[in-house]
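Novice: Enclosed is the structure file entry_23.pdb (PDB, C-alpha atoms and all ligand atoms).
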```
ATOM      1  CA  MET A  29      32.731  23.015  -1.377
ATOM      2  CA  SER A  30      32.591  22.554  -5.141
ATOM      3  CA  LEU A  31      34.018  19.827  -7.346
ATOM      4  CA  LEU A  32      34.847  20.190 -11.039
ATOM      5  CA  ILE A  33      35.462  17.198 -13.301
ATOM      6  CA  VAL A  34      36.845  17.420 -16.829
ATOM      7  CA  GLY A  35      37.203  14.345 -19.035
ATOM      8  CA  THR A  36      35.440  12.352 -21.713
ATOM      9  CA  VAL A  37      31.736  11.520 -21.984
ATOM     10  CA  ALA A  38      31.716   8.726 -24.487
ATOM     11  CA  PHE A  39      30.429   5.584 -26.110
ATOM     12  CA  ASP A  40      32.448   2.408 -25.487
ATOM     13  CA  THR A  41      32.411  -1.039 -27.029
ATOM     14  CA  ILE A  42      33.943  -3.515 -24.610
ATOM     15  CA  ALA A  43      34.849  -7.181 -24.932
ATOM     16  CA  THR A  44      35.830  -9.225 -21.877
ATOM     17  CA  PRO A  45      36.132 -12.991 -21.335
ATOM     18  CA  PHE A  46      32.540 -12.763 -19.984
ATOM     19  CA  GLY A  47      30.887 -11.101 -22.953
ATOM     20  CA  LYS A  48      30.639  -8.029 -25.073
ATOM     21  CA  ALA A  49      28.822  -4.711 -24.718
ATOM     22  CA  ASP A  50      28.312  -2.499 -27.764
ATOM     23  CA  MET A  51      28.120   1.295 -27.612
ATOM     24  CA  VAL A  52      27.529   1.591 -23.883
ATOM     25  CA  VAL A  53      27.848   4.967 -22.195
ATOM     26  CA  GLY A  54      31.325   5.573 -20.767
ATOM     27  CA  GLY A  55      34.040   8.203 -20.592
ATOM     28  CA  SER A  56      36.409   9.260 -17.826
ATOM     29  CA  ALA A  57      34.309  12.266 -16.700
ATOM     30  CA  GLN A  58      31.068  10.307 -16.784
ATOM     31  CA  TYR A  59      32.467   7.560 -14.520
ATOM     32  CA  GLY A  60      34.223  10.050 -12.237
ATOM     33  CA  ALA A  61      31.018  12.065 -11.859
ATOM     34  CA  TYR A  62      28.901   9.047 -10.912
ATOM     35  CA  ALA A  63      31.435   7.931  -8.294
ATOM     36  CA  ALA A  64      31.798  11.447  -6.821
ATOM     37  CA  SER A  65      28.012  11.968  -6.758
ATOM     38  CA  TYR A  66      27.758   9.617  -3.760
ATOM     39  CA  PHE A  67      29.831  12.089  -1.696
ATOM     40  CA  VAL A  68      28.907  15.584  -2.890
ATOM     41  CA  ASN A  69      25.633  16.985  -4.176
ATOM     42  CA  SER A  70      26.961  19.285  -6.879
ATOM     43  CA  ILE A  71      29.546  18.513  -9.559
ATOM     44  CA  ASN A  72      30.634  20.863 -12.354
ATOM     45  CA  LEU A  73      31.144  18.721 -15.474
ATOM     46  CA  VAL A  74      33.331  19.895 -18.368
ATOM     47  CA  SER A  75      33.237  17.800 -21.532
ATOM     48  CA  ILE A  76      31.967  17.562 -25.093
ATOM     49  CA  ILE A  77      29.503  15.249 -26.857
ATOM     50  CA  GLY A  78      27.754  15.008 -30.211
ATOM     51  CA  ASP A  79      23.987  15.152 -30.659
ATOM     52  CA  ASP A  80      24.019  11.329 -30.791
ATOM     53  CA  PHE A  81      24.209  11.102 -26.974
ATOM     54  CA  PRO A  82      21.022   9.859 -25.225
ATOM     55  CA  GLN A  83      19.045  12.593 -23.453
ATOM     56  CA  SER A  84      17.985  10.081 -20.758
ATOM     57  CA  GLU A  85      21.657   9.634 -19.730
ATOM     58  CA  LEU A  86      22.086  13.408 -19.424
ATOM     59  CA  ASP A  87      18.879  13.682 -17.389
ATOM     60  CA  GLU A  88      20.132  10.984 -15.045
ATOM     61  CA  LEU A  89      23.463  12.738 -14.505
ATOM     62  CA  ARG A  90      21.621  16.008 -13.844
ATOM     63  CA  SER A  91      19.369  14.283 -11.299
ATOM     64  CA  ARG A  92      22.560  13.299  -9.385
ATOM     65  CA  GLY A  93      23.580  16.948  -9.044
ATOM     66  CA  VAL A  94      25.899  16.955 -12.076
ATOM     67  CA  GLN A  95      25.846  20.459 -13.614
ATOM     68  CA  LEU A  96      25.929  20.271 -17.399
ATOM     69  CA  GLU A  97      26.490  23.944 -18.240
ATOM     70  CA  GLY A  98      30.089  23.080 -19.157
ATOM     71  CA  LEU A  99      29.078  20.117 -21.344
ATOM     72  CA  LYS A 100      29.260  21.251 -24.959
ATOM     73  CA  VAL A 101      26.860  19.534 -27.364
ATOM     74  CA  VAL A 102      27.922  19.707 -31.018
ATOM     75  CA  ASP A 103      25.007  19.631 -33.463
ATOM     76  CA  GLY A 104      25.603  16.997 -36.117
ATOM     77  CA  GLY A 105      28.741  15.781 -34.281
ATOM     78  CA  LYS A 106      29.610  12.305 -33.018
ATOM     79  CA  SER A 107      30.630  11.628 -29.418
ATOM     80  CA  PHE A 108      34.059  10.228 -28.487
ATOM     81  CA  PHE A 109      34.188   6.471 -29.112
ATOM     82  CA  TRP A 110      36.544   3.915 -27.567
ATOM     83  CA  GLU A 111      36.722   0.159 -28.136
ATOM     84  CA  GLY A 112      38.756  -2.159 -25.961
ATOM     85  CA  LYS A 113      39.311  -5.866 -25.404
ATOM     86  CA  TYR A 114      40.419  -7.294 -22.067
ATOM     87  CA  HIS A 115      42.884 -10.167 -21.688
ATOM     88  CA  ASP A 116      41.966 -13.225 -19.621
ATOM     89  CA  ASN A 117      43.641 -11.731 -16.527
ATOM     90  CA  MET A 118      41.200  -8.736 -16.760
ATOM     91  CA  ASN A 119      44.034  -6.372 -15.748
ATOM     92  CA  ASP A 120      45.474  -5.846 -19.226
ATOM     93  CA  ARG A 121      43.537  -4.576 -22.193
ATOM     94  CA  ASP A 122      44.140  -3.641 -25.793
ATOM     95  CA  THR A 123      42.671  -0.471 -27.256
ATOM     96  CA  LEU A 124      41.189  -1.444 -30.629
ATOM     97  CA  ILE A 125      39.680   1.900 -31.668
ATOM     98  CA  THR A 126      39.893   5.484 -30.390
ATOM     99  CA  ASP A 127      37.695   7.838 -32.435
ATOM    100  CA  LEU A 128      38.126  11.351 -31.056
ATOM    101  CA  ASN A 129      35.217  12.715 -33.115
ATOM    102  CA  VAL A 130      34.001  15.972 -31.443
ATOM    103  CA  LEU A 131      36.869  15.764 -28.942
ATOM    104  CA  ALA A 132      39.355  16.526 -31.730
ATOM    105  CA  ASP A 133      38.430  20.243 -31.680
ATOM    106  CA  PHE A 134      37.532  20.608 -28.016
ATOM    107  CA  ASP A 135      38.669  23.893 -26.514
ATOM    108  CA  PRO A 136      36.740  24.105 -23.245
ATOM    109  CA  VAL A 137      35.355  27.423 -22.055
ATOM    110  CA  LEU A 138      34.572  27.322 -18.329
ATOM    111  CA  PRO A 139      31.200  28.799 -17.357
ATOM    112  CA  ASP A 140      31.612  31.629 -14.799
ATOM    113  CA  SER A 141      29.777  29.526 -12.212
ATOM    114  CA  TYR A 142      32.590  26.908 -12.367
ATOM    115  CA  LYS A 143      35.516  29.289 -11.987
ATOM    116  CA  ASN A 144      35.867  29.112  -8.226
ATOM    117  CA  SER A 145      35.642  25.314  -7.921
ATOM    118  CA  GLU A 146      37.802  24.100  -5.030
ATOM    119  CA  TYR A 147      38.419  20.465  -5.937
ATOM    120  CA  ILE A 148      39.436  19.653  -9.501
ATOM    121  CA  LEU A 149      39.541  16.226 -11.143
ATOM    122  CA  LEU A 150      41.457  16.371 -14.404
ATOM    123  CA  GLY A 151      40.180  13.081 -15.810
ATOM    124  CA  ASN A 152      41.999  11.238 -18.557
ATOM    125  CA  LEU A 153      42.106  13.565 -21.569
ATOM    126  CA  THR A 154      44.710  15.419 -23.645
ATOM    127  CA  PRO A 155      47.037  17.274 -21.245
ATOM    128  CA  ASP A 156      46.498  20.553 -23.153
ATOM    129  CA  ILE A 157      42.809  20.505 -22.256
ATOM    130  CA  GLN A 158      43.633  19.672 -18.631
ATOM    131  CA  ILE A 159      45.993  22.690 -18.523
ATOM    132  CA  SER A 160      43.466  24.990 -20.210
ATOM    133  CA  VAL A 161      40.854  24.175 -17.545
ATOM    134  CA  LEU A 162      43.302  24.987 -14.731
ATOM    135  CA  GLU A 163      44.295  28.260 -16.393
ATOM    136  CA  GLN A 164      40.668  29.438 -16.538
ATOM    137  CA  LEU A 165      40.024  29.129 -12.791
ATOM    138  CA  ASP A 166      39.631  32.408 -10.881
ATOM    139  CA  VAL A 167      40.910  31.118  -7.546
ATOM    140  CA  LYS A 168      43.649  28.670  -6.613
ATOM    141  CA  PRO A 169      41.898  25.336  -5.955
ATOM    142  CA  LYS A 170      42.296  23.391  -2.708
ATOM    143  CA  LEU A 171      43.257  20.159  -4.450
ATOM    144  CA  VAL A 172      43.935  19.267  -8.083
ATOM    145  CA  MET A 173      44.019  15.580  -9.008
ATOM    146  CA  LEU A 174      45.248  14.480 -12.419
ATOM    147  CA  ASP A 175      44.627  11.143 -14.127
ATOM    148  CA  THR A 176      46.356  10.210 -17.367
ATOM    149  CA  MET A 177      47.337   7.211 -19.483
ATOM    150  CA  ASN A 178      50.202   5.685 -21.502
ATOM    151  CA  LEU A 179      48.923   7.291 -24.739
ATOM    152  CA  TRP A 180      49.673  10.820 -23.474
ATOM    153  CA  ILE A 181      53.071   9.771 -22.079
ATOM    154  CA  ASP A 182      53.836   8.519 -25.608
ATOM    155  CA  ILE A 183      52.489  11.309 -27.795
ATOM    156  CA  ALA A 184      52.232  14.436 -25.599
ATOM    157  CA  ARG A 185      54.991  14.100 -23.033
ATOM    158  CA  ASP A 186      55.949  17.787 -22.843
ATOM    159  CA  SER A 187      52.448  19.069 -22.190
ATOM    160  CA  LEU A 188      51.797  16.159 -19.846
ATOM    161  CA  MET A 189      54.886  17.148 -17.800
ATOM    162  CA  LYS A 190      53.520  20.709 -17.593
ATOM    163  CA  ALA A 191      50.093  19.431 -16.467
ATOM    164  CA  ILE A 192      51.746  17.173 -13.872
ATOM    165  CA  SER A 193      53.731  20.099 -12.483
ATOM    166  CA  MET A 194      50.427  21.945 -11.924
ATOM    167  CA  CYS A 195      48.644  19.169  -9.990
ATOM    168  CA  ASP A 196      48.697  18.159  -6.309
ATOM    169  CA  VAL A 197      47.795  14.472  -6.688
ATOM    170  CA  LEU A 198      48.814  12.417  -9.717
ATOM    171  CA  THR A 199      47.175   9.044 -10.293
ATOM    172  CA  ILE A 200      48.635   6.530 -12.746
ATOM    173  CA  ASN A 201      49.092   2.774 -12.952
ATOM    174  CA  ASP A 202      52.347   0.943 -12.235
ATOM    175  CA  GLU A 203      53.261   0.463 -15.894
ATOM    176  CA  GLU A 204      52.717   4.185 -16.583
ATOM    177  CA  ALA A 205      54.796   5.110 -13.517
ATOM    178  CA  ARG A 206      57.687   3.102 -14.977
ATOM    179  CA  MET A 207      57.211   4.704 -18.427
ATOM    180  CA  LEU A 208      57.073   8.209 -16.991
ATOM    181  CA  SER A 209      60.072   7.852 -14.697
ATOM    182  CA  GLY A 210      62.275   5.412 -16.599
ATOM    183  CA  GLU A 211      62.730   3.520 -13.302
ATOM    184  CA  HIS A 212      61.813  -0.124 -12.795
ATOM    185  CA  SER A 213      61.393  -0.097  -9.015
ATOM    186  CA  ILE A 214      58.030   1.388  -8.056
ATOM    187  CA  VAL A 215      59.594   3.093  -5.028
ATOM    188  CA  GLN A 216      62.285   4.759  -7.147
ATOM    189  CA  ALA A 217      59.703   5.636  -9.811
ATOM    190  CA  ALA A 218      57.567   7.312  -7.134
ATOM    191  CA  ALA A 219      60.506   9.328  -5.767
ATOM    192  CA  LYS A 220      61.363  10.561  -9.249
ATOM    193  CA  ILE A 221      57.769  11.434 -10.190
ATOM    194  CA  LEU A 222      57.297  13.425  -6.971
ATOM    195  CA  GLU A 223      60.204  15.584  -8.149
ATOM    196  CA  PHE A 224      58.122  16.511 -11.220
ATOM    197  CA  GLY A 225      55.832  18.611  -9.013
ATOM    198  CA  PRO A 226      52.893  16.763  -7.419
ATOM    199  CA  ARG A 227      52.853  16.557  -3.629
ATOM    200  CA  TYR A 228      51.124  13.161  -3.719
ATOM    201  CA  LEU A 229      51.267  10.224  -6.075
ATOM    202  CA  ILE A 230      48.830   7.331  -6.305
ATOM    203  CA  ILE A 231      50.093   4.278  -8.169
ATOM    204  CA  LYS A 232      47.246   1.911  -9.114
ATOM    205  CA  LYS A 233      47.972  -1.765  -9.460
ATOM    206  CA  GLY A 234      44.595  -2.995 -10.731
ATOM    207  CA  GLU A 235      43.299  -5.966  -8.745
ATOM    208  CA  HIS A 236      46.413  -5.677  -6.539
ATOM    209  CA  GLY A 237      45.352  -2.368  -4.973
ATOM    210  CA  ALA A 238      46.968   1.060  -4.931
ATOM    211  CA  LEU A 239      49.855   2.861  -3.212
ATOM    212  CA  LEU A 240      49.795   6.456  -1.983
ATOM    213  CA  PHE A 241      53.143   8.249  -1.726
ATOM    214  CA  ASP A 242      54.316  11.605  -0.477
ATOM    215  CA  GLN A 243      57.925  12.619   0.250
ATOM    216  CA  ASP A 244      57.930  10.885   3.647
ATOM    217  CA  ASN A 245      55.147   8.317   3.698
ATOM    218  CA  VAL A 246      53.683   5.411   1.812
ATOM    219  CA  PHE A 247      50.289   3.752   2.321
ATOM    220  CA  PHE A 248      48.803   0.670   0.670
ATOM    221  CA  ALA A 249      45.089   0.224  -0.065
ATOM    222  CA  PRO A 250      44.013  -3.241  -1.243
ATOM    223  CA  ALA A 251      41.456  -3.819  -3.985
ATOM    224  CA  MET A 252      38.324  -5.699  -2.913
ATOM    225  CA  PRO A 253      38.600  -9.380  -3.873
ATOM    226  CA  LEU A 254      35.391  -9.983  -5.867
ATOM    227  CA  ASP A 255      33.632 -13.184  -6.910
ATOM    228  CA  ARG A 256      33.560 -11.950 -10.432
ATOM    229  CA  VAL A 257      34.858  -8.948 -12.356
ATOM    230  CA  THR A 258      32.600  -8.469 -15.387
ATOM    231  CA  ASP A 259      34.064  -5.309 -16.942
ATOM    232  CA  PRO A 260      36.998  -3.333 -15.483
ATOM    233  CA  THR A 261      36.268  -0.260 -17.657
ATOM    234  CA  GLY A 262      35.939   2.873 -15.561
ATOM    235  CA  ALA A 263      37.628   1.416 -12.470
ATOM    236  CA  GLY A 264      40.389   4.052 -12.543
ATOM    237  CA  ASP A 265      37.905   6.878 -13.095
ATOM    238  CA  CYS A 266      35.563   5.706 -10.322
ATOM    239  CA  PHE A 267      38.557   5.327  -8.032
ATOM    240  CA  ALA A 268      39.551   8.933  -8.756
ATOM    241  CA  GLY A 269      35.960  10.234  -8.468
ATOM    242  CA  GLY A 270      35.406   8.397  -5.181
ATOM    243  CA  PHE A 271      38.732   9.606  -3.764
ATOM    244  CA  LEU A 272      38.211  13.249  -4.696
ATOM    245  CA  GLY A 273      34.513  13.179  -3.782
ATOM    246  CA  TYR A 274      35.497  12.008  -0.303
ATOM    247  CA  MET A 275      38.205  14.700  -0.044
ATOM    248  CA  ALA A 276      35.657  17.360  -1.039
ATOM    249  CA  LYS A 277      33.029  16.046   1.371
ATOM    250  CA  THR A 278      35.387  16.007   4.348
ATOM    251  CA  GLY A 279      37.437  19.099   3.410
ATOM    252  CA  ASP A 280      40.539  17.532   4.970
ATOM    253  CA  ILE A 281      43.477  17.073   2.587
ATOM    254  CA  SER A 282      45.957  15.625   5.089
ATOM    255  CA  PHE A 283      47.863  12.420   4.231
ATOM    256  CA  ASP A 284      45.898  10.631   6.958
ATOM    257  CA  ASN A 285      42.562  11.540   5.407
ATOM    258  CA  MET A 286      43.863  10.646   1.947
ATOM    259  CA  LYS A 287      44.312   7.094   3.268
ATOM    260  CA  ARG A 288      40.564   7.006   3.917
ATOM    261  CA  GLY A 289      39.960   8.588   0.523
ATOM    262  CA  LEU A 290      41.927   5.768  -1.092
ATOM    263  CA  ILE A 291      39.675   3.184   0.531
ATOM    264  CA  TYR A 292      36.517   5.014  -0.595
ATOM    265  CA  GLY A 293      38.004   5.239  -4.089
ATOM    266  CA  ALA A 294      38.755   1.503  -4.071
ATOM    267  CA  ALA A 295      35.175   0.834  -2.915
ATOM    268  CA  MET A 296      33.688   2.826  -5.817
ATOM    269  CA  ALA A 297      35.999   1.032  -8.264
ATOM    270  CA  SER A 298      34.863  -2.318  -6.844
ATOM    271  CA  PHE A 299      31.240  -1.512  -7.770
ATOM    272  CA  VAL A 300      31.731  -0.348 -11.339
ATOM    273  CA  VAL A 301      33.564  -3.538 -12.368
ATOM    274  CA  GLU A 302      30.621  -5.738 -11.335
ATOM    275  CA  ASP A 303      28.710  -5.030 -14.566
ATOM    276  CA  PHE A 304      29.297  -3.622 -18.041
ATOM    277  CA  GLY A 305      29.458   0.144 -18.537
ATOM    278  CA  ASN A 306      27.748   2.307 -15.941
ATOM    279  CA  HIS A 307      24.999  -0.170 -15.001
ATOM    280  CA  ARG A 308      26.278  -0.982 -11.531
ATOM    281  CA  ILE A 309      27.816   2.359 -10.545
ATOM    282  CA  LYS A 310      24.433   4.029 -11.122
ATOM    283  CA  ARG A 311      22.660   1.728  -8.684
ATOM    284  CA  VAL A 312      24.932   1.890  -5.627
ATOM    285  CA  THR A 313      23.295   2.851  -2.328
ATOM    286  CA  GLN A 314      24.846   4.464   0.752
ATOM    287  CA  ALA A 315      24.217   1.149   2.542
ATOM    288  CA  ASP A 316      26.235  -0.683  -0.162
ATOM    289  CA  ILE A 317      29.131   1.730   0.374
ATOM    290  CA  LYS A 318      29.000   1.308   4.136
ATOM    291  CA  GLU A 319      28.953  -2.468   3.858
ATOM    292  CA  ARG A 320      31.913  -2.464   1.466
ATOM    293  CA  ILE A 321      33.964  -0.154   3.678
ATOM    294  CA  ILE A 322      33.437  -2.576   6.581
ATOM    295  CA  ARG A 323      34.681  -5.400   4.334
ATOM    296  CA  PHE A 324      37.771  -3.303   3.517
ATOM    297  CA  ILE A 325      38.515  -2.827   7.210
ATOM    298  CA  LYS A 326      38.201  -6.574   7.856
ATOM    299  CA  LEU A 327      40.324  -7.362   4.797
ATOM    300  CA  SER A 328      43.499  -5.798   6.114
ATOM    301  CA  GLN A 329      43.042  -5.386   9.872
ATOM    302  CA  PHE A 330      45.345  -7.475  12.055
ATOM    303  CA  THR A 331      47.153  -7.452  15.363
ATOM    304  CA  ILE A 332      50.581  -8.766  16.243
TER
HETATM  305  P1  LIG A 401      39.454   3.458 -17.190
HETATM  306  O1  LIG A 401      38.997   2.045 -17.357
HETATM  307  O2  LIG A 401      39.233   4.006 -15.811
HETATM  308  O3  LIG A 401      40.838   3.677 -17.689
HETATM  309  O4  LIG A 401      38.529   4.378 -18.108
HETATM  310  C1  LIG A 401      37.944   3.914 -19.278
HETATM  311  C2  LIG A 401      37.178   5.059 -19.929
HETATM  312  O5  LIG A 401      38.122   5.989 -20.480
HETATM  313  C3  LIG A 401      36.316   4.588 -21.080
HETATM  314  O6  LIG A 401      34.953   4.823 -20.746
HETATM  315  C4  LIG A 401      36.749   5.406 -22.295
HETATM  316  O7  LIG A 401      35.669   6.018 -22.964
HETATM  317  C5  LIG A 401      37.685   6.435 -21.738
HETATM  318  N1  LIG A 401      38.874   6.572 -22.579
HETATM  319  C6  LIG A 401      39.530   5.609 -23.259
HETATM  320  N2  LIG A 401      40.575   6.123 -23.944
HETATM  321  C7  LIG A 401      40.589   7.454 -23.661
HETATM  322  C8  LIG A 401      41.424   8.547 -24.054
HETATM  323  N3  LIG A 401      42.455   8.388 -24.905
HETATM  324  N4  LIG A 401      41.158   9.772 -23.554
HETATM  325  C9  LIG A 401      40.126   9.944 -22.719
HETATM  326  N5  LIG A 401      39.284   8.983 -22.319
HETATM  327  C10 LIG A 401      39.513   7.737 -22.780
END
```
Re-express the file's structure as C-alpha cells.

Specialist:
Amino acid sequence: MSLLIVGTVAFDTIATPFGKADMVVGGSAQYGAYAASYFVNSINLVSIIGDDFPQSELDELRSRGVQLEGLKVVDGGKSFFWEGKYHDNMNDRDTLITDLNVLADFDPVLPDSYKNSEYILLGNLTPDIQISVLEQLDVKPKLVMLDTMNLWIDIARDSLMKAISMCDVLTINDEEARMLSGEHSIVQAAAKILEFGPRYLIIKKGEHGALLFDQDNVFFAPAMPLDRVTDPTGAGDCFAGGFLGYMAKTGDISFDNMKRGLIYGAAMASFVVEDFGNHRIKRVTQADIKERIIRFIKLSQFTI
C-alpha cells in the first residue's frame, strides 16, 4: 500500500472570533499528510515551498513517515501564503489574501519511487497540477480522491472538469456542489455531478456533517459536536487525509467501508479545529482516535 498526496504546504494567517494566528504552518497537503499519518506509515508528498519554510516542520513531517523527495524547495523563493477571516458562525470564511509565490510556476515532477502509488489524494490546488500528477503515474491507482474549492470552479472550470472526470471520489462542500452542478437541491446536484465521472461524491456540510453518494446509495456522517471550535482551517484537508488514510490502511474500497472512512475522516477533522494551525492535529494519539470513534457511534446509534 502506498499513498500519495499533492497539495499546498503553506503559511497561513487566520482570524477567528477567538483570536488570530499569524504565519502558522498550513496548506492542504500538509494537513492531509498529518491526518493520513495516523493510518499509514509512508506518505509520498508532492508540493513546493520556498527556503523560508522552517526545517523543524519538515523534520517533523519526515518523522511521521512523510517522504519529502517530491517536495521542491526553491532557493530564494517564498512559500504559498493564505490569509482568511472566519465569520461568527465559524462555517463561512472570507479569503483576504492568496499569494501563490513559488506555487505560481509549479510543474511537479514525480520521483520514480512515487510512480506506482496506489491511493492518490489530489488536495486543493490548481486542477492542471492535479491532472499532471495523475498523468505521471506508471500504474492505474486503486483510488483517486480529489478535493477542490470555489476558486477553481470560478477560474479554471474546464481543467477542473477534466480532473473530476479522472477521479474516483470527489469531495466538495454543499455550496461548491451547487455551483458546479447549477442545481439547488443537494440530491439533484449529487446526481448531476456523478455524471461528470466520479463513482463517489462526498458533500461536506461543515459542522453539519457530510454525505457520501454513489449511483444507488447515500450515507450521512455527522460532525462531532465540540465544546469549542477554535480554528476550522484544515478541517476539509484532514477529513480527506483521514478518509483516504483509512481506505489505504484497510485496502477495502467498497461503499460499506467508505462509510467507516467517512467517520474516521470526520474524527480527524474534529481534532484539527480544536486549535490554531497544525498544533492539535500533530498531537493526536491512537487512544484519542479510538475514544472519538466511540463518541461517533454513540452520537447516531438508535433503535426503533
Ligand atoms: P481547508 O480549511 O481544509 O479548506 O484548508 C485550508 C488550507 O488550504 C490552508 O492551510 C491554506 O493554506 C490552503 N489553501 C487556501 N487557499 C488555497 C488555494 N487556493 N489552493 C490551495 N490551497 C489553499

Novice: Would you pick out the contacts of Val102 in chain A at 9 Å or less, using all atoms listed in the file, so that residues sharing its chain but fewer than 6 positions from it are not included, and give the list as a PyMOL selection string?

Specialist: chain A and resi 76-79+130

Novice: Where does chain A meet ligand LIG 401 (chain A) within 6 Å, residue by residue, with the nearest atom pair and distance in Å to one decimal for each, counting all atoms listed in the file, listed by chain and rising number, as a Markdown table?

Specialist:
```
| residue | atom | partner | partner_atom | distance |
| --- | --- | --- | --- | --- |
| A:Thr36 | CA | A:LIG401 | N5 | 5.1 |
| A:Ala38 | CA | A:LIG401 | O7 | 5.0 |
| A:Asp40 | CA | A:LIG401 | O7 | 5.5 |
| A:Gly54 | CA | A:LIG401 | O6 | 3.7 |
| A:Gly55 | CA | A:LIG401 | O6 | 3.5 |
| A:Ser56 | CA | A:LIG401 | O5 | 4.5 |
| A:Trp110 | CA | A:LIG401 | O7 | 5.1 |
| A:Asn152 | CA | A:LIG401 | C9 | 4.7 |
| A:Leu153 | CA | A:LIG401 | C9 | 4.3 |
| A:Thr261 | CA | A:LIG401 | O1 | 3.6 |
| A:Gly262 | CA | A:LIG401 | O2 | 3.5 |
| A:Ala263 | CA | A:LIG401 | O2 | 4.5 |
| A:Gly264 | CA | A:LIG401 | O2 | 3.5 |
| A:Asp265 | CA | A:LIG401 | O2 | 4.2 |
```

Novice: What are the closest atom pairs, with distances in Å to one decimal, for all residues of range 212-312 of chain A lying within 10 Å of range 63-72 of chain A? Consider all atoms listed in the file, order rows by chain and residue number, and present the result as a Markdown table.

Specialist:
```
| residue | atom | partner | partner_atom | distance |
| --- | --- | --- | --- | --- |
| A:Gly262 | CA | A:Ala63 | CA | 9.9 |
| A:Ala263 | CA | A:Ala63 | CA | 9.9 |
| A:Asp265 | CA | A:Ala63 | CA | 8.1 |
| A:Cys266 | CA | A:Ala63 | CA | 5.1 |
| A:Phe267 | CA | A:Ala63 | CA | 7.6 |
| A:Ala268 | CA | A:Ala63 | CA | 8.2 |
| A:Gly269 | CA | A:Ala64 | CA | 4.6 |
| A:Gly270 | CA | A:Ala64 | CA | 5.0 |
| A:Phe271 | CA | A:Ala64 | CA | 7.8 |
| A:Leu272 | CA | A:Ala64 | CA | 7.0 |
| A:Gly273 | CA | A:Ala64 | CA | 4.4 |
| A:Tyr274 | CA | A:Phe67 | CA | 5.8 |
| A:Met275 | CA | A:Phe67 | CA | 8.9 |
| A:Ala276 | CA | A:Val68 | CA | 7.2 |
| A:Lys277 | CA | A:Phe67 | CA | 5.9 |
| A:Thr278 | CA | A:Phe67 | CA | 9.1 |
| A:Tyr292 | CA | A:Ala63 | CA | 9.7 |
| A:Gly293 | CA | A:Ala63 | CA | 8.3 |
| A:Ala295 | CA | A:Ala63 | CA | 9.7 |
| A:Met296 | CA | A:Ala63 | CA | 6.1 |
| A:Ala297 | CA | A:Ala63 | CA | 8.3 |
| A:Phe299 | CA | A:Ala63 | CA | 9.5 |
| A:Val300 | CA | A:Ala63 | CA | 8.8 |
| A:Ile309 | CA | A:Ala63 | CA | 7.0 |
| A:Lys310 | CA | A:Ala63 | CA | 8.5 |
| A:Val312 | CA | A:Tyr66 | CA | 8.4 |
```

Novice: Which of these residues is nearest to Leu198 in chain A, using only C-alpha atoms: A:Glu163, A:Glu211, A:Glu235, A:Glu223?

Specialist: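 For Leu198 in chain A, the nearest of the given residues is A:Glu223.
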
Novice: Translate the PyMOL selection byres (((chain A and resi 136-143) around 8) and not hetatm), as applied to the file shown, into an explicit residue set as a ChimeraX atom specification.

Specialist: /A:32,72,74-75,97-98,134-135,144-145,157,160-161,164-167

Novice: Please evaluate the PyMOL selection byres (((chain A and resi 215-220) around 8) and not hetatm) against the structure above and give the resulting residues as a list in words.

Specialist: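 Applied to this file, the PyMOL selection byres (((chain A and resi 215-220) around 8) and not hetatm) returns Ala205, Arg206, Ser209, Gly210, Glu211, His212, Ser213, Ile214, Ile221, Leu222, Glu223, Phe224, Leu229, Phe241 and Gln243 of chain A.
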
Novice: Which residue out of A:Val257, A:Ile291, A:Met177, A:Val246 has the minimum interatomic distance to Phe304 in chain A when all atoms listed in the file are used?

Specialist: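 Of A:Val257, A:Ile291, A:Met177, A:Val246, the one nearest Phe304 in chain A is A:Val257, counting all atoms listed in the file.
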
Novice: In Å, how far is it from CA of Glu302 in chain A to CA of Thr258 in chain A?

Specialist: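 Result for CA of Glu302 in chain A versus CA of Thr258 in chain A: 5.3 Å, one decimal.
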
Novice: Can you pull out every residue within 9 Å of Thr176 in chain A, counting all atoms listed in the file, but drop anything in the same chain fewer than 5 positions away, and send it as a PyMOL selection string?

Specialist: chain A and resi 150-155+181+188+198-200+204
